[in-house]
Amino acid sequence: MDQVVEKQIMRKLNLRLIPLLIFLYVIAYLNRVNVSFAALTMNKDLGLDPYYYGLGAGIFFFGYCLFEIPSNLILVHVGARKWIARILFTWGILACATAVVQGPKSFLTMRFLLGAAEAGYFPGVILYLTYWFPARYRARIISRFMLSIPISLAVGAPVSVWIIQAFQGMFGLQGWQWLYIIQGIPAVLATFIVLMFLPDNPTKATFLNEAEKRWLERELVSDRERIAVEPHPGIWRAFSNPVIWLFGFIYFADTAANLGLSMFLPQIIKQQGYTTMQVGFISAIPYIFGIIGMLGIGYSSDRFKDRKWHVIGSLLLITVGLGCAGLLGGTLMAIVMICVGAIGIMGCKGPFWPIPSAYLSGAGAAAGIALINSLGNLGGFFGPYVVGLGKQATGSFSGGLYALALLTFLGAIVTYFSIKVIKPGAANK
């Protein structure tokens, strides 16, 4: 009987929550990375060289990281529905306002503010999912939610290029300005969708009956009772736990590879002589492979009840893919190896994120997850910055790709040693 109830509840949660969360993060990620497509024409208009562009693409994450932890703690107190709606509205307004930047200084300022506005959304959702899904489901659920990343990049690539070309000169605005406006408006509109349809927790879910709510609460309480390392972790205990900082470095490596690649991928492809529209379609290909990797690795992680080796394997795929892409330079095989790297970049996220929630709960989970995401997203600054710096210094993207490959290799080593620190009984030992 319990198995029937379990399947019924999981089906309801997957249908009611995951599509909306995916939709919202697609919007978020498009607003974060559409700068990579805007750069095809914007950089010349604003006088941005590769160094300043890479700095601007990455400085988003300084604003993001500064406000990450406070945002997640506020979410715990005011509820997910209201706070996620606030995040959406603020970043939508600022995403549209990026269309009015005039030069390097205003570009850097707007990117920083956009990061501050979006802070808290991703770790807030990761925490939110722990309110609904038992631990044994979380790798595949997080993988499904994070499908929004490769979907936004795969779909956003040709759509973004089309917007730039189709709206060029309309009402006196450049195509890249229209890109920011058109892709920022959905975040503002989605504010009202969240307020109407996103419940704070299972007790407020009208789509679950009382028996289903009781079953779900029992499962979640049982998960919390099995938490390892800290039985009652507080905020400062989470901050002082060295394992949390090591996890932050692992996510830093994956994020640096992700953003270092995605912020420059259109330019890497463009230098091979393709037209702007061709660049849009070719840029989508690695992220189609990323979708396959995310689903497959997430499912496999839950199926074999393993987190550690799935994270290590994903990081090593990135190392091989980006390292070989740098070695092969401006060739078709370089794009093939970028696809290999994309499988690892996207596949790493599903098995990684259940690890912190396997032994943190309550305010400690909110703070710990936000801290890991904050540290990790500094990689969103480092990745674009190092690739842009390498391009500026050598005229080639190879040096930056080598640096990202080395970083993910170090991430794999840290994963091997840090996850062993978790005490016996943890779900991901």
# chains A, B, ... in the order shown; residues from 1 in each chain; ligands from 1
>>> residues_around(residues="stretch 160-163 of chain A", least_positions_apart="3", cutoff="10 Å", atoms="only C-alpha atoms", output="tab-separated table (two decimals) with C-alpha atoms, in the first residue's frame")
chain	number	residue	atom	x	y	z
A	30	LEU	CA	18.97	32.96	-20.04
A	34	ASN	CA	22.52	35.87	-22.87
A	35	VAL	CA	25.46	38.25	-22.56
A	36	SER	CA	27.51	35.61	-24.44
A	37	PHE	CA	25.29	36.08	-27.51
A	38	ALA	CA	24.89	39.82	-27.05
A	40	LEU	CA	28.72	39.02	-30.82
A	153	LEU	CA	21.54	27.17	-23.46
A	155	VAL	CA	17.14	26.67	-26.96
A	156	GLY	CA	18.47	30.09	-26.03
A	157	ALA	CA	21.37	29.93	-28.47
A	166	ALA	CA	15.38	40.19	-36.35
A	167	PHE	CA	15.06	43.21	-34.05
A	168	GLN	CA	18.20	45.05	-35.16
A	175	GLY	CA	19.61	43.86	-31.62
A	176	TRP	CA	21.57	43.09	-28.45
A	177	GLN	CA	19.51	45.70	-26.56
A	178	TRP	CA	16.30	44.00	-27.64
A	179	LEU	CA	17.77	40.68	-26.49
A	180	TYR	CA	18.07	41.95	-22.91
A	182	ILE	CA	12.75	40.52	-24.51
A	183	GLN	CA	14.42	37.93	-22.29
A	266	PRO	CA	29.71	31.52	-29.37
A	276	THR	CA	26.12	34.37	-36.76
A	277	MET	CA	23.02	32.20	-37.25
A	278	GLN	CA	25.15	29.08	-37.68
A	279	VAL	CA	26.90	29.97	-34.43
A	280	GLY	CA	23.51	29.98	-32.69
A	281	PHE	CA	22.61	26.48	-33.84
>>> residues_around(residues="A:Gly329", least_positions_apart="6", cutoff="10 Å", atoms="only C-alpha atoms", output="JSON, numbers by chain")
{"A": [268, 272, 335, 396, 397, 398, 401]}
>>> atom_distance(atom1="atom CA of A:Ile285", atom2="atom CA of A:Ala342")
9.6 Å
>>> closest_residue(among="A:Leu21, A:Leu127, A:Ala257, A:Ala139", to="A:His310", atoms="only C-alpha atoms")
A:Ala139
>>> residues_around(residues="A:Tyr128", least_positions_apart="3", cutoff="10 Å", atoms="only C-alpha atoms", output="PDB file with C-alpha atoms, in the first residue's frame")
ATOM      1  CA  LEU A  75      13.665  32.531   2.395  1.00  0.00           C
ATOM      2  CA  VAL A  76      13.494  30.241   5.443  1.00  0.00           C
ATOM      3  CA  GLY A  79       8.623  31.373   2.818  1.00  0.00           C
ATOM      4  CA  ALA A  80       9.701  30.219  -0.622  1.00  0.00           C
ATOM      5  CA  ARG A  81       6.694  31.588  -2.512  1.00  0.00           C
ATOM      6  CA  PHE A 122      19.238  28.508  -7.039  1.00  0.00           C
ATOM      7  CA  PRO A 123      20.202  27.560  -3.448  1.00  0.00           C
ATOM      8  CA  GLY A 124      16.676  28.492  -2.413  1.00  0.00           C
ATOM      9  CA  VAL A 125      15.250  25.966  -4.858  1.00  0.00           C
ATOM     10  CA  TYR A 131      11.056  20.143   1.846  1.00  0.00           C
ATOM     11  CA  TRP A 132       9.249  17.911  -0.661  1.00  0.00           C
ATOM     12  CA  PHE A 133      11.367  14.979  -1.833  1.00  0.00           C
ATOM     13  CA  ASP A 200       5.722  27.054   0.552  1.00  0.00           C
ATOM     14  CA  ASN A 201       5.728  23.455   1.829  1.00  0.00           C
ATOM     15  CA  ALA A 366      19.948  26.880   4.365  1.00  0.00           C
TER      16      ALA A 366
END
>>> closest_residue(among="A:Asn258, A:Ala57, A:Pro70, A:Trp309", to="A:Thr109", atoms="only C-alpha atoms")
A:Ala57
>>> closest_atom_pairs(of="stretch 314-378 of chain A", to="stretch 112-120 of chain A", cutoff="10 Å", atoms="only C-alpha atoms", output="Markdown table")
| residue | atom | partner | partner_atom | distance |
| --- | --- | --- | --- | --- |
| A:Ala370 | CA | A:Gly120 | CA | 7.4 |
| A:Asn373 | CA | A:Gly120 | CA | 9.1 |
| A:Ser374 | CA | A:Ala119 | CA | 8.9 |
>>> write_last_selection(atoms="N, CA and C atoms", output="compact mmCIF listing (two decimals), in the first residue's frame")
# COMPACT_ATOMS: atom_id res chain seq x y z
N ALA A 370 23.71 27.52 0.81
CA ALA A 370 23.99 28.85 0.25
C ALA A 370 25.48 29.12 0.23
N ASN A 373 27.04 27.15 -2.60
CA ASN A 373 26.69 27.77 -3.87
C ASN A 373 27.42 29.09 -4.07
N SER A 374 27.60 29.86 -2.97
CA SER A 374 28.33 31.12 -3.06
C SER A 374 29.78 30.88 -3.46
>>> residues_around(residues="A:Trp245", least_positions_apart="3", cutoff="12 Å", atoms="only C-alpha atoms", output="ChimeraX atom specification")
/A:238-242,248-252,356,368-376,414-415,418-419
>>> select_by_dssp(residues="stretch 260-305 of chain A", states="helix (DSSP H, G or I)", output="PyMOL selection string")
chain A and resi 260-262+265-270+276-303
>>> closest_residue(among="A:Asn31, A:Thr130, A:Asn43, A:Gln165", to="A:Val221", atoms="only C-alpha atoms")
A:Thr130
>>> atom_distance(atom1="atom CA of A:Gly293", atom2="atom CA of A:Leu265")
18.7 Å
>>> atom_distance(atom1="atom CA of A:Ser262", atom2="atom CA of A:Arg144")
20.0 Å
>>> residues_around(residues="stretch 312-314 of chain A", least_positions_apart="2", cutoff="9 Å", atoms="only C-alpha atoms", output="MDAnalysis selection string")
chainID A and resid 293 297 307:310 316:319 341 343:349 409 411:413 415:416
>>> write_last_selection(atoms="N, CA and C atoms", output="compact mmCIF listing (two decimals), in the first residue's frame")
# COMPACT_ATOMS: atom_id res chain seq x y z
N GLY A 293 23.58 13.76 -20.53
CA GLY A 293 24.46 13.49 -19.40
C GLY A 293 23.80 13.75 -18.07
N ILE A 297 23.34 10.52 -15.76
CA ILE A 297 24.19 10.45 -14.57
C ILE A 297 23.36 10.61 -13.30
N ARG A 307 27.18 8.75 -4.85
CA ARG A 307 27.38 10.16 -5.21
C ARG A 307 28.85 10.40 -5.60
N LYS A 308 29.74 9.89 -4.76
CA LYS A 308 31.17 10.19 -4.89
C LYS A 308 31.72 9.89 -6.28
N TRP A 309 31.57 8.65 -6.75
CA TRP A 309 32.21 8.27 -8.00
C TRP A 309 31.51 8.87 -9.21
N HIS A 310 30.25 9.18 -9.09
CA HIS A 310 29.55 9.85 -10.18
C HIS A 310 30.03 11.30 -10.32
N LEU A 316 36.06 14.34 -14.36
CA LEU A 316 37.10 13.85 -15.27
C LEU A 316 36.67 13.95 -16.74
N LEU A 317 35.37 13.79 -17.01
CA LEU A 317 34.87 14.02 -18.37
C LEU A 317 35.11 15.47 -18.80
N ILE A 318 34.90 16.41 -17.87
CA ILE A 318 35.17 17.82 -18.18
C ILE A 318 36.65 18.02 -18.48
N THR A 319 37.50 17.43 -17.63
CA THR A 319 38.95 17.56 -17.81
C THR A 319 39.38 17.10 -19.19
N GLY A 341 32.88 17.42 -22.75
CA GLY A 341 32.99 18.23 -21.55
C GLY A 341 31.62 18.65 -21.03
N ILE A 343 28.81 17.01 -21.22
CA ILE A 343 28.19 15.88 -20.52
C ILE A 343 28.62 15.88 -19.05
N GLY A 344 29.93 16.09 -18.82
CA GLY A 344 30.43 16.14 -17.44
C GLY A 344 29.96 17.35 -16.68
N ILE A 345 29.96 18.52 -17.34
CA ILE A 345 29.54 19.76 -16.67
C ILE A 345 28.12 19.64 -16.16
N MET A 346 27.22 19.17 -17.01
CA MET A 346 25.82 19.07 -16.62
C MET A 346 25.55 17.84 -15.75
N GLY A 347 26.25 16.75 -16.04
CA GLY A 347 26.03 15.52 -15.29
C GLY A 347 26.49 15.59 -13.85
N CYS A 348 27.45 16.45 -13.55
CA CYS A 348 28.00 16.56 -12.20
C CYS A 348 26.96 17.06 -11.20
N LYS A 349 26.04 17.88 -11.62
CA LYS A 349 25.16 18.61 -10.71
C LYS A 349 24.18 17.70 -9.97
N PHE A 409 40.21 18.76 -12.80
CA PHE A 409 41.01 17.63 -12.35
C PHE A 409 41.29 17.74 -10.86
N GLY A 411 39.41 19.35 -8.81
CA GLY A 411 38.12 19.11 -8.19
C GLY A 411 37.84 17.63 -7.98
N ALA A 412 38.24 16.82 -8.96
CA ALA A 412 38.06 15.37 -8.83
C ALA A 412 38.89 14.81 -7.67
N ILE A 413 40.12 15.33 -7.52
CA ILE A 413 40.98 14.88 -6.41
C ILE A 413 40.37 15.28 -5.07
N THR A 415 37.26 15.82 -4.44
CA THR A 415 36.07 14.98 -4.23
C THR A 415 36.44 13.64 -3.64
N TYR A 416 37.50 13.05 -4.16
CA TYR A 416 37.92 11.73 -3.68
C TYR A 416 38.22 11.76 -2.18
>>> residues_around(residues="A:Ala393", least_positions_apart="6", cutoff="12 Å", atoms="only C-alpha atoms", output="list in words")
Asp49, Pro50, Tyr51, Val386, Val387, Gly399 and Gly400 of chain A
>>> write_last_selection(atoms="C-alpha atoms", output="JSON list (two decimals), in the first residue's frame")
[["chain", "number", "residue", "atom", "x", "y", "z"],
["A", 49, "ASP", "CA", 37.87, 43.93, -25.38],
["A", 50, "PRO", "CA", 38.09, 40.24, -24.31],
["A", 51, "TYR", "CA", 39.50, 41.22, -20.91],
["A", 386, "VAL", "CA", 40.64, 33.33, -17.05],
["A", 387, "VAL", "CA", 39.40, 32.47, -20.55],
["A", 399, "GLY", "CA", 45.11, 28.50, -22.59],
["A", 400, "GLY", "CA", 41.81, 29.23, -20.86]]
>>> residues_around(residues="A:Pro186", least_positions_apart="4", cutoff="12 Å", atoms="only C-alpha atoms", output="list in words")
Phe23, Leu24, Tyr25, Val26, Ile27, Ala28, Leu30, Asn31, Leu88, Phe89, Thr90, Trp91, Gly92, Ile93, Ala95, Cys96, Tyr180, Ile181, Ile182, Ala190, Thr191, Phe192 and Ile193 of chain A
>>> closest_residue(among="A:Leu195, A:Met337, A:Ile185, A:Ile22", to="A:Lys82", atoms="only C-alpha atoms")
A:Leu195
>>> closest_residue(among="A:Gly383, A:Val311, A:Glu212, A:Phe62", to="A:Arg11", atoms="only C-alpha atoms")
A:Glu212
>>> decode(residues="stretch 65-110 of chain A", atoms="N, CA and C atoms", output="short mmCIF file (atom, residue, chain, number, x, y, z; two decimals), in the first residue's frame")
data_model
loop_
_atom_site.label_atom_id
_atom_site.label_comp_id
_atom_site.auth_asym_id
_atom_site.auth_seq_id
_atom_site.Cartn_x
_atom_site.Cartn_y
_atom_site.Cartn_z
N CYS A 65 27.26 36.18 -5.10
CA CYS A 65 27.81 35.51 -3.91
C CYS A 65 27.65 36.35 -2.65
N LEU A 66 27.78 37.66 -2.76
CA LEU A 66 27.66 38.53 -1.59
C LEU A 66 26.30 38.41 -0.91
N PHE A 67 25.25 38.22 -1.72
CA PHE A 67 23.89 38.23 -1.18
C PHE A 67 23.26 36.84 -1.10
N GLU A 68 24.04 35.82 -1.42
CA GLU A 68 23.51 34.46 -1.48
C GLU A 68 23.03 33.95 -0.13
N ILE A 69 23.89 34.00 0.87
CA ILE A 69 23.54 33.45 2.18
C ILE A 69 22.42 34.25 2.85
N PRO A 70 22.50 35.60 2.91
CA PRO A 70 21.37 36.34 3.49
C PRO A 70 20.04 36.03 2.79
N SER A 71 20.09 35.90 1.47
CA SER A 71 18.87 35.62 0.73
C SER A 71 18.26 34.28 1.13
N ASN A 72 19.10 33.26 1.27
CA ASN A 72 18.58 31.93 1.61
C ASN A 72 18.02 31.89 3.03
N LEU A 73 18.65 32.63 3.94
CA LEU A 73 18.15 32.68 5.31
C LEU A 73 16.81 33.42 5.38
N ILE A 74 16.67 34.46 4.57
CA ILE A 74 15.40 35.18 4.52
C ILE A 74 14.31 34.27 3.98
N LEU A 75 14.65 33.46 2.96
CA LEU A 75 13.67 32.53 2.40
C LEU A 75 13.10 31.60 3.46
N VAL A 76 13.95 31.13 4.38
CA VAL A 76 13.49 30.24 5.44
C VAL A 76 12.45 30.94 6.31
N HIS A 77 12.63 32.24 6.54
CA HIS A 77 11.75 32.97 7.45
C HIS A 77 10.46 33.46 6.78
N VAL A 78 10.55 33.90 5.52
CA VAL A 78 9.35 34.49 4.89
C VAL A 78 8.62 33.49 4.00
N GLY A 79 9.26 32.37 3.68
CA GLY A 79 8.62 31.37 2.82
C GLY A 79 9.12 31.46 1.39
N ALA A 80 9.15 30.30 0.74
CA ALA A 80 9.70 30.22 -0.62
C ALA A 80 8.87 31.02 -1.63
N ARG A 81 7.56 30.97 -1.51
CA ARG A 81 6.69 31.59 -2.51
C ARG A 81 6.95 33.09 -2.62
N LYS A 82 6.91 33.80 -1.52
CA LYS A 82 7.08 35.25 -1.55
C LYS A 82 8.51 35.64 -1.94
N TRP A 83 9.48 34.91 -1.41
CA TRP A 83 10.86 35.33 -1.64
C TRP A 83 11.31 35.02 -3.07
N ILE A 84 10.92 33.88 -3.60
CA ILE A 84 11.27 33.58 -4.99
C ILE A 84 10.59 34.56 -5.94
N ALA A 85 9.36 34.95 -5.62
CA ALA A 85 8.68 35.96 -6.43
C ALA A 85 9.43 37.28 -6.41
N ARG A 86 9.93 37.67 -5.22
CA ARG A 86 10.71 38.91 -5.12
C ARG A 86 11.98 38.84 -5.96
N ILE A 87 12.66 37.70 -5.90
CA ILE A 87 13.89 37.53 -6.68
C ILE A 87 13.59 37.68 -8.18
N LEU A 88 12.55 37.03 -8.63
CA LEU A 88 12.17 37.09 -10.05
C LEU A 88 11.91 38.52 -10.51
N PHE A 89 11.13 39.24 -9.73
CA PHE A 89 10.76 40.61 -10.13
C PHE A 89 11.99 41.50 -10.22
N THR A 90 12.87 41.42 -9.22
CA THR A 90 14.05 42.29 -9.19
C THR A 90 15.00 42.00 -10.33
N TRP A 91 15.28 40.71 -10.56
CA TRP A 91 16.25 40.42 -11.62
C TRP A 91 15.64 40.69 -13.00
N GLY A 92 14.31 40.52 -13.15
CA GLY A 92 13.70 40.83 -14.43
C GLY A 92 13.84 42.29 -14.81
N ILE A 93 13.63 43.17 -13.83
CA ILE A 93 13.78 44.61 -14.07
C ILE A 93 15.21 44.95 -14.45
N LEU A 94 16.17 44.40 -13.72
CA LEU A 94 17.57 44.72 -13.99
C LEU A 94 18.05 44.08 -15.29
N ALA A 95 17.53 42.90 -15.63
CA ALA A 95 17.89 42.28 -16.90
C ALA A 95 17.48 43.17 -18.06
N CYS A 96 16.27 43.72 -17.99
CA CYS A 96 15.82 44.65 -19.03
C CYS A 96 16.68 45.90 -19.06
N ALA A 97 17.06 46.39 -17.88
CA ALA A 97 17.83 47.63 -17.79
C ALA A 97 19.24 47.50 -18.35
N THR A 98 19.73 46.26 -18.52
CA THR A 98 21.06 46.07 -19.12
C THR A 98 21.10 46.63 -20.54
N ALA A 99 19.95 46.79 -21.15
CA ALA A 99 19.88 47.33 -22.52
C ALA A 99 20.37 48.77 -22.60
N VAL A 100 20.44 49.48 -21.47
CA VAL A 100 20.82 50.91 -21.52
C VAL A 100 22.27 51.14 -21.17
N VAL A 101 23.08 50.10 -20.98
CA VAL A 101 24.49 50.32 -20.65
C VAL A 101 25.18 51.04 -21.81
N GLN A 102 26.17 51.88 -21.44
CA GLN A 102 26.81 52.75 -22.43
C GLN A 102 28.28 52.46 -22.67
N GLY A 103 28.91 51.73 -21.78
CA GLY A 103 30.35 51.47 -21.92
C GLY A 103 30.81 50.47 -20.88
N PRO A 104 32.13 50.25 -20.77
CA PRO A 104 32.65 49.24 -19.85
C PRO A 104 32.20 49.42 -18.40
N LYS A 105 32.22 50.67 -17.89
CA LYS A 105 31.88 50.89 -16.48
C LYS A 105 30.43 50.55 -16.19
N SER A 106 29.52 51.05 -17.02
CA SER A 106 28.11 50.76 -16.78
C SER A 106 27.79 49.29 -17.02
N PHE A 107 28.51 48.65 -17.95
CA PHE A 107 28.34 47.23 -18.19
C PHE A 107 28.73 46.43 -16.95
N LEU A 108 29.88 46.75 -16.36
CA LEU A 108 30.32 46.07 -15.15
C LEU A 108 29.33 46.29 -14.01
N THR A 109 28.86 47.53 -13.85
CA THR A 109 27.93 47.85 -12.77
C THR A 109 26.63 47.07 -12.91
N MET A 110 26.08 47.03 -14.11
CA MET A 110 24.80 46.36 -14.31
C MET A 110 24.93 44.85 -14.12
#
